[in-house]
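Below is the file structure-v4.txt, which contains compact mmCIF, C-alpha atoms.
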# COMPACT_ATOMS: atom_id res chain seq x y z
CA MET A 1 77.32 108.02 203.83
CA LEU A 2 79.12 110.96 202.24
CA SER A 3 79.66 110.63 198.52
CA LEU A 4 83.20 110.98 197.23
CA LEU A 5 81.92 112.05 193.81
CA PRO A 6 81.35 115.50 192.38
CA ALA A 7 77.75 116.65 192.15
CA LEU A 8 77.06 115.92 188.49
CA HIS A 9 73.64 115.18 187.08
CA LEU A 10 73.27 112.96 184.03
CA ALA A 11 70.29 111.14 182.61
CA PHE A 12 69.60 107.84 184.40
CA GLY A 13 71.09 104.87 182.61
CA SER A 14 73.65 106.86 180.61
CA ALA A 15 77.38 106.16 180.87
CA TYR A 16 79.16 108.21 183.52
CA THR A 17 82.90 108.76 183.65
CA PRO A 18 83.66 109.22 187.35
CA SER A 19 86.11 111.61 188.89
CA LEU A 20 88.10 109.75 191.53
CA PRO A 21 89.89 112.23 193.81
CA SER A 22 90.46 109.34 196.20
CA TRP A 23 92.11 107.08 193.58
CA THR A 24 95.87 106.90 193.10
CA GLN A 25 96.93 104.74 190.19
CA ALA A 26 100.21 102.94 190.79
CA VAL A 27 102.44 100.26 189.34
CA LEU A 28 101.86 97.40 191.77
CA PRO A 29 103.09 93.81 191.54
CA GLY A 30 100.36 91.40 190.48
CA CYS A 31 98.44 93.87 188.35
CA ALA A 32 97.28 91.91 185.29
CA GLN A 33 97.43 93.15 181.72
CA GLY A 34 94.47 95.40 180.96
CA GLU A 35 93.86 96.25 184.63
CA GLU A 36 94.27 99.63 186.30
CA CYS A 37 95.70 99.10 189.76
CA GLY A 38 96.30 101.46 192.61
CA ARG A 39 94.99 102.62 195.97
CA LEU A 40 91.49 103.79 196.79
CA ALA A 41 91.11 106.00 199.88
CA LEU A 42 87.67 106.04 201.49
CA ALA A 43 86.11 108.64 203.75
CA ASN A 44 86.49 106.28 206.74
CA GLY A 45 90.26 106.78 206.61
CA LEU A 46 91.11 103.37 205.14
CA THR A 47 93.01 102.91 201.88
CA PHE A 48 92.54 99.75 199.83
CA ASN A 49 94.68 98.16 197.13
CA CYS A 50 92.32 97.76 194.15
CA ARG A 51 92.08 96.83 190.48
CA PHE A 52 89.72 98.18 187.83
CA ALA A 53 89.00 96.61 184.46
CA GLY A 54 86.88 97.75 181.53
CA PRO A 55 86.01 101.20 180.22
CA ALA A 56 85.39 103.93 182.78
CA ALA A 57 82.27 105.07 180.94
CA SER A 58 80.03 102.01 181.26
CA VAL A 59 76.39 101.48 182.15
CA THR A 60 77.20 97.97 183.44
CA ASN A 61 79.21 98.11 186.64
CA VAL A 62 80.34 95.18 188.79
CA LEU A 63 81.84 95.03 192.29
CA LEU A 64 83.67 91.83 193.29
CA LEU A 65 84.45 90.73 196.86
CA HIS A 66 87.10 88.11 197.60
CA GLY A 67 87.10 85.52 200.38
CA PHE A 68 89.61 83.90 202.76
CA PRO A 69 92.58 83.69 202.50
CA GLU A 70 92.71 85.09 198.98
CA PHE A 71 93.06 88.39 197.19
CA ALA A 72 91.13 90.28 194.55
CA SER A 73 93.47 88.76 191.95
CA ILE A 74 91.24 85.67 191.87
CA TYR A 75 88.87 87.74 189.74
CA SER A 76 91.35 88.87 187.06
CA GLY A 77 90.16 86.30 184.51
CA LEU A 78 86.49 87.08 185.12
CA MET A 79 87.16 90.82 185.02
CA ALA A 80 88.92 90.45 181.66
CA GLN A 81 85.88 88.66 180.24
CA MET A 82 83.56 91.37 181.50
CA ALA A 83 85.86 94.08 180.15
CA SER A 84 85.63 92.47 176.70
CA LYS A 85 81.89 93.17 176.85
CA GLY A 86 82.45 96.80 177.73
CA TRP A 87 81.60 96.37 181.41
CA ARG A 88 83.41 98.15 184.22
CA SER A 89 84.48 96.13 187.27
CA LEU A 90 86.25 96.83 190.54
CA ALA A 91 87.84 94.39 192.98
CA CYS A 92 89.70 95.52 196.09
CA ASN A 93 91.74 93.69 198.69
CA GLN A 94 89.51 94.21 201.70
CA ARG A 95 90.12 94.84 205.41
CA GLY A 96 93.07 92.81 206.62
CA TYR A 97 94.30 92.32 203.04
CA SER A 98 95.58 95.86 202.30
CA GLU A 99 98.31 97.56 204.29
CA GLY A 100 96.28 100.76 204.47
CA ALA A 101 93.13 98.99 205.62
CA SER A 102 94.29 96.76 208.46
CA PRO A 103 92.90 98.05 211.77
CA ALA A 104 94.19 96.16 214.80
CA THR A 105 90.94 95.56 216.74
CA VAL A 106 88.60 92.65 216.06
CA ASP A 107 85.41 94.72 216.11
CA ALA A 108 86.72 96.69 213.11
CA TYR A 109 86.04 93.58 211.01
CA SER A 110 82.30 93.46 211.62
CA TYR A 111 80.27 92.58 208.53
CA TYR A 112 78.56 95.94 208.96
CA HIS A 113 81.90 97.69 208.47
CA LEU A 114 82.86 95.39 205.59
CA ALA A 115 79.52 96.08 203.89
CA ASP A 116 79.96 99.82 204.33
CA ASP A 117 83.46 99.54 202.83
CA ALA A 118 82.14 97.67 199.82
CA TYR A 119 79.35 100.13 199.14
CA ALA A 120 81.76 103.06 199.57
CA MET A 121 84.05 101.46 196.97
CA ALA A 122 81.15 101.22 194.51
CA GLU A 123 80.16 104.78 195.33
CA ALA A 124 83.70 106.08 194.84
CA ALA A 125 83.90 104.29 191.49
CA GLY A 126 80.77 106.06 190.29
CA PHE A 127 78.64 102.92 190.21
CA THR A 128 75.84 104.53 192.24
CA HIS A 129 75.93 107.93 190.55
CA ASP A 130 72.52 109.50 189.96
CA GLY A 131 70.68 106.49 191.41
CA GLY A 132 72.69 103.91 189.48
CA LYS A 133 72.85 100.27 190.53
CA PHE A 134 75.65 97.74 190.30
CA HIS A 135 76.11 93.97 190.15
CA LEU A 136 77.67 92.28 193.19
CA ILE A 137 79.82 89.14 193.05
CA GLY A 138 81.39 87.44 196.06
CA HIS A 139 83.33 84.27 196.78
CA ASP A 140 83.64 82.40 200.10
CA HIS A 141 83.46 85.07 202.85
CA GLY A 142 82.85 87.57 200.07
CA GLY A 143 79.85 85.46 199.08
CA PHE A 144 78.36 85.50 202.58
CA LEU A 145 79.06 89.23 202.75
CA SER A 146 77.28 89.67 199.41
CA TRP A 147 74.16 87.88 200.69
CA PHE A 148 74.28 90.16 203.73
CA MET A 149 74.64 93.28 201.59
CA ALA A 150 71.81 92.23 199.26
CA GLN A 151 69.20 92.59 202.01
CA PRO A 152 66.89 95.56 201.31
CA THR A 153 67.71 96.90 204.78
CA VAL A 154 71.43 96.98 203.94
CA TYR A 155 72.36 97.76 200.31
CA GLY A 156 70.03 95.54 198.31
CA ASN A 157 68.20 98.49 196.77
CA HIS A 158 71.43 99.50 195.05
CA LEU A 159 71.99 96.14 193.33
CA HIS A 160 71.12 94.89 189.85
CA SER A 161 72.07 91.29 190.68
CA LEU A 162 73.90 89.04 193.12
CA THR A 163 76.30 86.18 192.38
CA SER A 164 77.55 84.04 195.25
CA LEU A 165 80.43 81.72 194.45
CA SER A 166 80.59 78.72 196.83
CA SER A 167 78.60 80.32 199.66
CA PRO A 168 74.93 79.46 200.22
CA HIS A 169 72.55 81.90 201.90
CA PRO A 170 73.72 82.34 205.53
CA MET A 171 70.39 81.21 207.03
CA PRO A 172 70.23 77.66 205.61
CA PHE A 173 73.97 77.39 206.22
CA SER A 174 73.37 78.31 209.87
CA GLU A 175 70.64 75.70 210.13
CA ALA A 176 73.06 73.13 208.71
CA LEU A 177 75.56 73.99 211.46
CA PHE A 178 73.33 74.06 214.53
CA GLY A 179 69.89 72.87 215.60
CA ALA A 180 67.45 70.06 214.98
CA ASN A 181 68.05 70.10 211.22
CA ALA A 182 71.83 70.29 211.35
CA ASP A 183 73.69 68.47 208.59
CA GLU A 184 76.20 66.17 210.30
CA GLU A 185 78.59 66.16 207.36
CA GLN A 186 78.64 69.96 207.17
CA VAL A 187 79.18 70.17 210.94
CA VAL A 188 82.25 67.94 210.56
CA ALA A 189 83.49 69.91 207.54
CA SER A 190 83.09 73.16 209.51
CA GLN A 191 85.07 72.19 212.59
CA TYR A 192 87.88 74.46 211.44
CA LEU A 193 85.57 77.41 212.22
CA THR A 194 85.76 76.59 215.92
CA MET A 195 89.56 76.75 215.65
CA PHE A 196 89.74 79.96 213.59
CA CYS A 197 87.63 81.79 216.19
CA LEU A 198 89.95 81.04 219.12
CA ASP A 199 91.82 83.98 220.64
CA ASP A 200 95.09 84.63 218.75
CA SER A 201 94.27 81.67 216.54
CA ALA A 202 96.90 82.52 213.92
CA SER A 203 99.69 82.21 216.52
CA LEU A 204 98.51 79.06 218.32
CA HIS A 205 100.62 75.91 218.15
CA ASN A 206 103.69 77.58 216.72
CA ASP A 207 101.83 79.71 214.19
CA PHE A 208 100.05 76.69 212.74
CA TRP A 209 97.32 78.52 210.81
CA TYR A 210 99.68 81.22 209.65
CA LEU A 211 102.16 78.71 208.28
CA ALA A 212 99.45 76.51 206.75
CA LEU A 213 97.30 79.25 205.17
CA GLY A 214 98.79 82.73 205.59
CA ALA A 215 102.39 82.13 204.52
CA THR A 216 101.17 80.13 201.51
CA ALA A 217 98.53 82.65 200.39
CA GLY A 218 101.00 84.53 198.20
CA SER A 219 100.84 88.27 197.65
CA ASP A 220 98.89 90.77 195.61
CA LEU A 221 99.44 94.43 194.74
CA GLY A 222 102.37 94.62 197.13
CA PHE A 223 100.71 93.05 200.20
CA ALA A 224 101.40 89.69 201.81
CA PHE A 225 100.78 88.13 205.21
CA GLY A 226 104.23 88.64 206.66
CA ASP A 227 103.62 87.00 210.03
CA ALA A 228 100.96 85.51 212.29
CA THR A 229 99.98 88.93 213.65
CA THR A 230 99.19 90.19 210.17
CA PHE A 231 97.31 87.02 209.29
CA GLN A 232 95.23 87.30 212.46
CA LEU A 233 93.46 90.30 210.92
CA ALA A 234 92.10 88.12 208.11
CA LEU A 235 90.97 85.54 210.67
CA PHE A 236 89.04 88.28 212.49
CA TRP A 237 86.41 87.98 209.74
CA TYR A 238 85.46 84.63 211.32
CA THR A 239 85.41 85.98 214.86
CA THR A 240 83.02 88.75 213.89
CA VAL A 241 80.59 86.83 211.69
CA PHE A 242 80.22 83.96 214.18
CA LEU A 243 80.83 85.48 217.62
CA LEU A 244 80.42 89.26 217.54
CA ASP A 245 77.84 89.86 214.79
CA GLY A 246 76.16 86.46 215.14
CA ILE A 247 75.25 86.42 211.45
CA VAL A 248 76.07 82.71 211.11
CA ALA A 249 75.50 79.96 213.69
CA MET A 250 78.42 78.39 215.51
CA PRO A 251 78.62 74.59 215.09
CA PRO A 252 79.15 72.33 218.11
CA VAL A 253 82.71 71.38 218.95
CA LEU A 254 83.16 67.70 218.12
CA SER A 255 85.82 65.45 219.57
CA ALA A 256 88.08 63.48 217.26
CA GLU A 257 86.03 60.38 218.03
CA GLN A 258 82.76 62.13 217.17
CA ILE A 259 84.23 63.42 213.91
CA LEU A 260 85.32 59.96 212.80
CA ALA A 261 81.99 58.45 213.82
CA VAL A 262 80.24 60.75 211.34
CA ASP A 263 82.87 60.52 208.61
CA PRO A 264 85.60 57.87 208.95
CA ALA A 265 87.45 59.55 206.07
CA ALA A 266 87.76 62.86 207.97
CA GLU A 267 91.10 61.90 209.51
CA SER A 268 92.67 65.29 208.86
CA VAL A 269 89.80 67.06 210.65
CA ALA A 270 90.14 64.66 213.58
CA ALA A 271 93.89 65.33 213.68
CA LEU A 272 93.25 69.07 213.84
CA ARG A 273 90.88 68.52 216.75
CA GLY A 274 93.61 66.53 218.47
CA LEU A 275 95.95 69.48 218.04
CA PHE A 276 93.57 72.28 219.05
CA GLY A 277 91.56 70.37 221.66
CA THR A 278 87.90 70.86 222.55
CA SER A 279 88.14 73.78 224.97
CA VAL A 280 86.60 76.99 223.58
CA PRO A 281 85.60 80.28 225.27
CA TRP A 282 81.96 79.97 224.16
CA PRO A 283 79.30 77.27 224.67
CA SER A 284 80.88 74.18 223.13
CA GLN A 285 77.49 72.79 222.08
CA GLY A 286 77.25 75.63 219.55
CA PHE A 287 74.52 78.22 219.17
CA ALA A 288 72.13 79.68 216.63
CA ALA A 289 72.69 82.86 214.63
CA THR A 290 71.39 85.92 216.48
CA ASP A 291 71.45 88.50 213.65
CA THR A 292 70.02 86.46 210.83
CA VAL A 293 70.16 87.40 207.16
CA GLY A 294 66.70 87.65 205.63
CA ASN A 295 65.14 87.61 202.17
CA ILE A 296 66.63 89.39 199.21
CA SER A 297 64.91 90.53 196.05
CA VAL A 298 67.54 90.75 193.33
CA PRO A 299 68.26 88.19 190.59
CA THR A 300 70.66 85.72 192.17
CA LEU A 301 73.14 83.14 190.89
CA PHE A 302 74.61 80.60 193.31
CA VAL A 303 77.60 78.71 191.85
CA CYS A 304 78.72 75.63 193.72
CA GLY A 305 81.68 73.27 193.42
CA THR A 306 80.73 69.63 193.75
CA ALA A 307 84.16 68.77 195.17
CA ASP A 308 84.17 71.59 197.75
CA THR A 309 85.25 70.14 201.09
CA ALA A 310 84.60 73.27 203.17
CA LEU A 311 81.12 74.30 202.02
CA LEU A 312 79.18 71.19 201.06
CA CYS A 313 76.98 73.23 198.83
CA THR A 314 75.41 70.35 196.93
CA ARG A 315 73.86 69.10 200.19
CA PRO A 316 70.07 69.62 200.45
CA TYR A 317 70.37 72.51 202.90
CA ALA A 318 72.25 74.65 200.37
CA LEU A 319 69.43 74.43 197.84
CA GLU A 320 67.17 76.11 200.40
CA SER A 321 69.01 79.34 199.49
CA ALA A 322 66.37 79.69 196.77
CA ASP A 323 63.71 80.17 199.45
CA TYR A 324 65.32 83.47 200.46
CA VAL A 325 65.22 85.02 196.98
CA VAL A 326 61.72 86.43 196.71
CA ASP A 327 59.92 89.52 195.46
CA ALA A 328 56.31 89.47 194.26
CA SER A 329 56.58 93.03 192.92
CA TYR A 330 58.72 92.15 189.93
CA THR A 331 56.98 92.28 186.56
CA TYR A 332 56.48 89.02 184.72
CA LYS A 333 58.35 88.82 181.44
CA GLN A 334 58.04 85.58 179.51
CA GLU A 335 61.38 85.92 177.73
CA ARG A 336 63.16 85.83 181.09
CA ASN A 337 61.69 82.40 181.77
CA ALA A 338 62.66 81.19 178.32
CA VAL A 339 66.27 82.27 178.85
CA TYR A 340 66.49 80.78 182.34
CA ASP A 341 64.90 77.50 181.30
CA ALA A 342 67.67 77.15 178.72
CA ILE A 343 70.40 77.99 181.22
CA SER A 344 68.99 75.62 183.82
CA ILE A 345 68.85 72.72 181.40
CA ARG A 346 72.30 73.41 179.95
CA THR A 347 74.16 73.73 183.23
CA SER A 348 72.35 70.86 184.93
CA ALA A 349 73.23 68.60 182.03
CA HIS A 350 76.92 69.37 182.44
CA TRP A 351 77.22 68.15 185.98
CA LEU A 352 74.61 65.40 186.01
CA SER A 353 76.09 63.81 182.88
CA GLN A 354 79.43 63.51 184.71
CA SER A 355 81.09 64.87 181.60
CA TYR A 356 84.07 66.08 183.63
CA VAL A 357 86.24 63.74 185.61
CA VAL A 358 87.61 66.46 187.92
CA GLY A 359 85.01 68.55 189.69
CA CYS A 360 85.63 72.03 191.06
CA GLY A 361 86.41 72.43 194.71
CA HIS A 362 86.33 75.72 196.57
CA ASP A 363 88.47 77.44 193.93
CA LEU A 364 85.70 77.90 191.39
CA LEU A 365 87.56 80.41 189.22
CA SER A 366 90.63 78.20 188.81
CA CYS A 367 89.30 74.70 189.56
CA GLY A 368 92.70 73.32 190.47
CA GLY A 369 94.03 74.20 187.04
CA ASN A 370 91.09 72.70 185.14
CA MET A 371 90.36 75.82 183.11
CA THR A 372 87.61 74.07 181.16
CA LEU A 373 85.55 73.95 184.32
CA ALA A 374 86.72 77.38 185.46
CA ASP A 375 85.61 78.83 182.13
CA GLU A 376 82.17 77.26 182.71
CA THR A 377 81.91 79.20 185.96
CA ILE A 378 83.03 82.43 184.32
CA ALA A 379 80.59 81.94 181.45
CA ALA A 380 77.70 81.37 183.88
CA VAL A 381 78.53 84.52 185.84
CA VAL A 382 78.85 86.64 182.70
CA GLN A 383 75.56 85.25 181.40
CA HIS A 384 73.83 86.08 184.67
CA VAL A 385 75.12 89.64 184.81
CA GLY A 386 74.17 90.20 181.19
CA ASP A 387 70.66 88.82 181.66
CA ALA A 388 70.08 90.89 184.79
CA ASP A 389 71.37 94.01 183.07
CA GLU A 390 69.19 93.44 180.01
CA ALA A 391 66.10 92.85 182.16
CA GLY A 392 66.61 96.11 184.02
CA GLY A 393 65.01 94.75 187.20
CA GLU A 394 61.85 93.38 185.61
CA TRP A 395 62.06 89.70 186.44
CA ALA A 396 59.40 87.05 186.38
CA THR A 397 58.04 85.45 189.53
CA GLU A 398 55.75 82.92 187.81
CA PRO A 399 55.87 80.24 186.65
CA SER A 400 58.65 78.81 188.78
CA LEU A 401 61.46 76.77 187.30
CA ARG A 402 62.48 73.24 188.16
CA CYS A 403 66.03 72.85 189.39
CA VAL A 404 67.59 69.40 189.01
CA ALA A 405 70.17 68.91 191.73
CA SER A 406 71.63 66.37 194.10
CA THR A 407 69.56 65.70 197.21
CA ASP A 408 71.72 62.91 198.58
CA HIS A 409 75.28 63.89 197.59
CA GLY A 410 75.52 60.50 195.97
CA GLY A 411 74.71 61.27 192.37
CA GLY A 412 70.97 60.88 192.70
CA GLU A 413 68.62 63.41 191.16
CA GLY A 414 66.05 65.39 193.06
CA GLU A 415 63.80 68.24 192.01
CA ARG A 416 62.71 71.31 193.85
CA ASP A 417 60.80 74.40 192.83
CA GLN A 418 63.15 77.22 191.98
CA SER A 419 62.36 80.91 191.84
CA PRO A 420 63.10 82.54 188.49
CA LEU A 421 65.10 85.04 190.54
CA PHE A 422 67.42 82.25 191.68
CA LEU A 423 69.69 80.12 189.50
CA TYR A 424 71.66 77.21 190.97
CA PHE A 425 74.69 76.04 189.03
CA ALA A 426 76.82 73.13 190.22
CA VAL A 427 80.27 72.90 188.67
CA GLY A 428 81.88 69.49 188.34
CA ASN A 429 80.66 65.95 188.63
CA LEU A 430 78.82 64.18 191.44
CA THR A 431 80.40 60.98 192.63

Would it be possible to restate this file's structure as structure tokens?
Amino acid sequence: MLSLLPALHLAFGSAYTPSLPSWTQAVLPGCAQGEECGRLALANGLTFNCRFAGPAASVTNVLLLHGFPEFASIYSGLMAQMASKGWRSLACNQRGYSEGASPATVDAYSYYHLADDAYAMAEAAGFTHDGGKFHLIGHDHGGFLSWFMAQPTVYGNHLHSLTSLSSPHPMPFSEALFGANADEEQVVASQYLTMFCLDDSASLHNDFWYLALGATAGSDLGFAFGDATTFQLALFWYTTVFLLDGIVAMPPVLSAEQILAVDPAAESVAALRGLFGTSVPWPSQGFAATDTVGNISVPTLFVCGTADTALLCTRPYALESADYVVDASYTYKQERNAVYDAISIRTSAHWLSQSYVVGCGHDLLSCGGNMTLADETIAAVVQHVGDADEAGGEWATEPSLRCVASTDHGGGEGERDQSPLFLYFAVGNLT
């Protein structure tokens, strides 16, 4: 990929103030105090609405990827906290969420293109200058995309750390959706995926999905989903990851009766099935992922909301994400274990003690207005980035940690070995 930066050579690890010939700063609605907002033009011809925070000359650089259907503004609070530490961060409204980056064809939304966009943003910002690495944070679809990017065969060698908010590793999630070890409750919770992937899904049934999700998504930096056609571009992310790229398995299509048999409380899901029907243009029994995401070898934080109704990430399958964070080549440093033992105990105590009445759902950085819990998430992310930055890539692989987490989604405790490269943090209370 062609660099957009001038050919400057500085000592590795020193602060670099980038020249951004592709950046046009602008006064855009939704730009928070302390942010620099504008438009970033990449070599692929697309222009993204973006926000920077923190000093331009920083040795700690962070790229943040939003999910569906949300904008980069979800990260403003987190970016402000990182800026207070002198860290530089960049969050852009991605393909389908910026007027200058909204191609009309579904194949333009492949995860491979989205990953190339994200790396090009980091490159344009100077994060990769002279061999530099950056920290990657993603939520929802941005979380799955971050796992994908963190593979050594993609962009993993350019990362200091990974943080996935809400989204488990795509492989155990796929196994929860289809196959002998499928998680029935997650299959029910994921039935909306089989509706999002239908042709022209945003326009079906009198623009149902557009009116329910697109028209209510708000706006950011001058962009909003003005109609179902515009919103369809955001839904293309689902079509590509499940049908075209095959990165995540497709769950079986369940009838309303089958849905209620698994979960009698899932009346809204059953009602949606009644509206959209069971006919789909792919095998209705579902199918496995064909382009699976493999192991990664960067320090990883997985933050999970205990009240999340879309990604049931306190279910046992989600904890298997730890099995995909491996690298025997990292140097053992005892102080890393000491720090992570303390974090593991502290965060586990918060959610197992049921000290909060309202748990976080999918909106981990706002928690339905419960900023006490949202601040816990932000603090965990900042701690993780700081620890990874301080370690400089030398992380312990032995001894492993013990992660206390729910194995039955009913408040019970279960233990599993946890790699020191992987930290699991559940936000909220188990009920």

Atom CA of Gly54 of chain A to atom CA of Ser84 of chain A, straight-line distance in Å: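 Interatomic distance, atom CA of Ser84 of chain A to atom CA of Gly54 of chain A: 7.3 Å.
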
Nearest residue to Trp237 of chain A from the set A:Met79, A:Leu193, A:Ala271, A:Ala182 (distances using all atoms listed in the file):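 Checking each of A:Met79, A:Leu193, A:Ala271, A:Ala182 against Trp237 of chain A, counting all atoms listed in the file, the winner is A:Leu193.
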
Nearby residues, (85.2, 92.6, 191.8) file frame, 6 Å, all atoms listed in the file, as JSON, numbers by chain: {"A": [63, 64, 65, 89, 90, 91]}

Length of the atom CA of Lys85 of chain A to atom CA of Ala26 of chain A vector [Å]: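 Taking atom CA of Lys85 of chain A and atom CA of Ala26 of chain A, their separation equals 25.0 Å.
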
Given all atoms listed in the file as the counted atoms, nearest of A:Gly100, A:Gly132, A:Pro281, A:Gly67 to Leu42 of chain A: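 Among the listed residues, A:Gly100 lies closest to Leu42 of chain A.
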
Nearest residue to Leu78 of chain A from the set A:Asp375, A:Leu311, A:Ser255, A:Ala388 (distances using only C-alpha atoms):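 Of the candidates, the smallest distance to Leu78 of chain A is held by A:Asp375.
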
Two-atom distance - atom CA of Asn157 of chain A, atom CA of Met121 of chain A (Å):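 Taking atom CA of Asn157 of chain A as the start and atom CA of Met121 of chain A as the end point, the length is 16.1 Å.
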
Nearby residues, (89.1, 73.1, 215.9) file frame, 6 Å, all atoms listed in the file, as a list of chain:residue names: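 It turns out the residues near that spot are A:Gln191, A:Tyr192, A:Thr194, A:Met195, A:Arg273, A:Phe276.
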
Residue nearest Pro69 of chain A - candidates A:Gln94, A:Gln285, A:Thr306, A:Thr47, atoms counted: only C-alpha atoms: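 Ranking A:Gln94, A:Gln285, A:Thr306, A:Thr47 by distance to Pro69 of chain A, first place goes to A:Gln94.
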
Nearby residues (all atoms listed in the file) at most 10 Å from Ala266 of chain A, same-chain spacing under 6 positions excluded, as a list in words: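 In the requested form, the answer reads Glu185, Val188, Ala189, Ala256, Ile259 and Leu260 of chain A.
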
Among listed residues A:Pro55, A:Gly131, A:Pro172, A:Gly294, nearest Ala150 of chain A (using all atoms listed in the file):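 Under the stated criterion, the closest residue is A:Gly294.
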
Best match for closeness to Ser219 of chain A among A:Glu320, A:Glu184, A:Asp363, A:Glu99, counting all atoms listed in the file: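 The shortest atom-to-atom distance to Ser219 of chain A comes from A:Glu99.
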
Repaired coordinates for segment 50-61 of chain A (N, CA, C and O atoms) as a PDB file, in the frame of the given file:
ATOM      1  N   CYS A  50      93.447  98.139 195.011  1.00  0.00           N
ATOM      2  CA  CYS A  50      92.320  97.760 194.150  1.00  0.00           C
ATOM      3  C   CYS A  50      92.763  97.609 192.700  1.00  0.00           C
ATOM      4  O   CYS A  50      93.822  98.079 192.293  1.00  0.00           O
ATOM      5  N   ARG A  51      91.894  96.960 191.923  1.00  0.00           N
ATOM      6  CA  ARG A  51      92.080  96.830 190.480  1.00  0.00           C
ATOM      7  C   ARG A  51      90.765  97.143 189.784  1.00  0.00           C
ATOM      8  O   ARG A  51      89.700  96.706 190.224  1.00  0.00           O
ATOM      9  N   PHE A  52      90.835  97.922 188.731  1.00  0.00           N
ATOM     10  CA  PHE A  52      89.720  98.180 187.830  1.00  0.00           C
ATOM     11  C   PHE A  52      89.977  97.445 186.525  1.00  0.00           C
ATOM     12  O   PHE A  52      91.122  97.234 186.125  1.00  0.00           O
ATOM     13  N   ALA A  53      88.905  97.112 185.820  1.00  0.00           N
ATOM     14  CA  ALA A  53      89.000  96.610 184.460  1.00  0.00           C
ATOM     15  C   ALA A  53      87.794  97.109 183.680  1.00  0.00           C
ATOM     16  O   ALA A  53      86.723  97.341 184.258  1.00  0.00           O
ATOM     17  N   GLY A  54      87.973  97.285 182.375  1.00  0.00           N
ATOM     18  CA  GLY A  54      86.880  97.750 181.530  1.00  0.00           C
ATOM     19  C   GLY A  54      86.841  99.253 181.415  1.00  0.00           C
ATOM     20  O   GLY A  54      87.505  99.969 182.183  1.00  0.00           O
ATOM     21  N   PRO A  55      86.075  99.757 180.464  1.00  0.00           N
ATOM     22  CA  PRO A  55      86.010 101.200 180.220  1.00  0.00           C
ATOM     23  C   PRO A  55      85.378 101.949 181.378  1.00  0.00           C
ATOM     24  O   PRO A  55      84.409 101.482 181.977  1.00  0.00           O
ATOM     25  N   ALA A  56      85.911 103.138 181.676  1.00  0.00           N
ATOM     26  CA  ALA A  56      85.390 103.930 182.780  1.00  0.00           C
ATOM     27  C   ALA A  56      83.961 104.365 182.531  1.00  0.00           C
ATOM     28  O   ALA A  56      83.158 104.464 183.462  1.00  0.00           O
ATOM     29  N   ALA A  57      83.629 104.641 181.286  1.00  0.00           N
ATOM     30  CA  ALA A  57      82.270 105.070 180.940  1.00  0.00           C
ATOM     31  C   ALA A  57      81.463 103.842 180.537  1.00  0.00           C
ATOM     32  O   ALA A  57      81.441 103.443 179.380  1.00  0.00           O
ATOM     33  N   SER A  58      80.810 103.221 181.505  1.00  0.00           N
ATOM     34  CA  SER A  58      80.030 102.010 181.260  1.00  0.00           C
ATOM     35  C   SER A  58      78.725 102.081 182.024  1.00  0.00           C
ATOM     36  O   SER A  58      78.677 102.613 183.132  1.00  0.00           O
ATOM     37  N   VAL A  59      77.661 101.528 181.439  1.00  0.00           N
ATOM     38  CA  VAL A  59      76.390 101.480 182.150  1.00  0.00           C
ATOM     39  C   VAL A  59      76.238 100.167 182.914  1.00  0.00           C
ATOM     40  O   VAL A  59      75.282  99.975 183.657  1.00  0.00           O
ATOM     41  N   THR A  60      77.186  99.234 182.707  1.00  0.00           N
ATOM     42  CA  THR A  60      77.200  97.970 183.440  1.00  0.00           C
ATOM     43  C   THR A  60      78.405  97.973 184.358  1.00  0.00           C
ATOM     44  O   THR A  60      79.546  97.953 183.904  1.00  0.00           O
ATOM     45  N   ASN A  61      78.152  97.995 185.653  1.00  0.00           N
ATOM     46  CA  ASN A  61      79.210  98.110 186.640  1.00  0.00           C
ATOM     47  C   ASN A  61      79.126  96.955 187.642  1.00  0.00           C
ATOM     48  O   ASN A  61      78.039  96.609 188.105  1.00  0.00           O
TER      49      ASN A  61
END
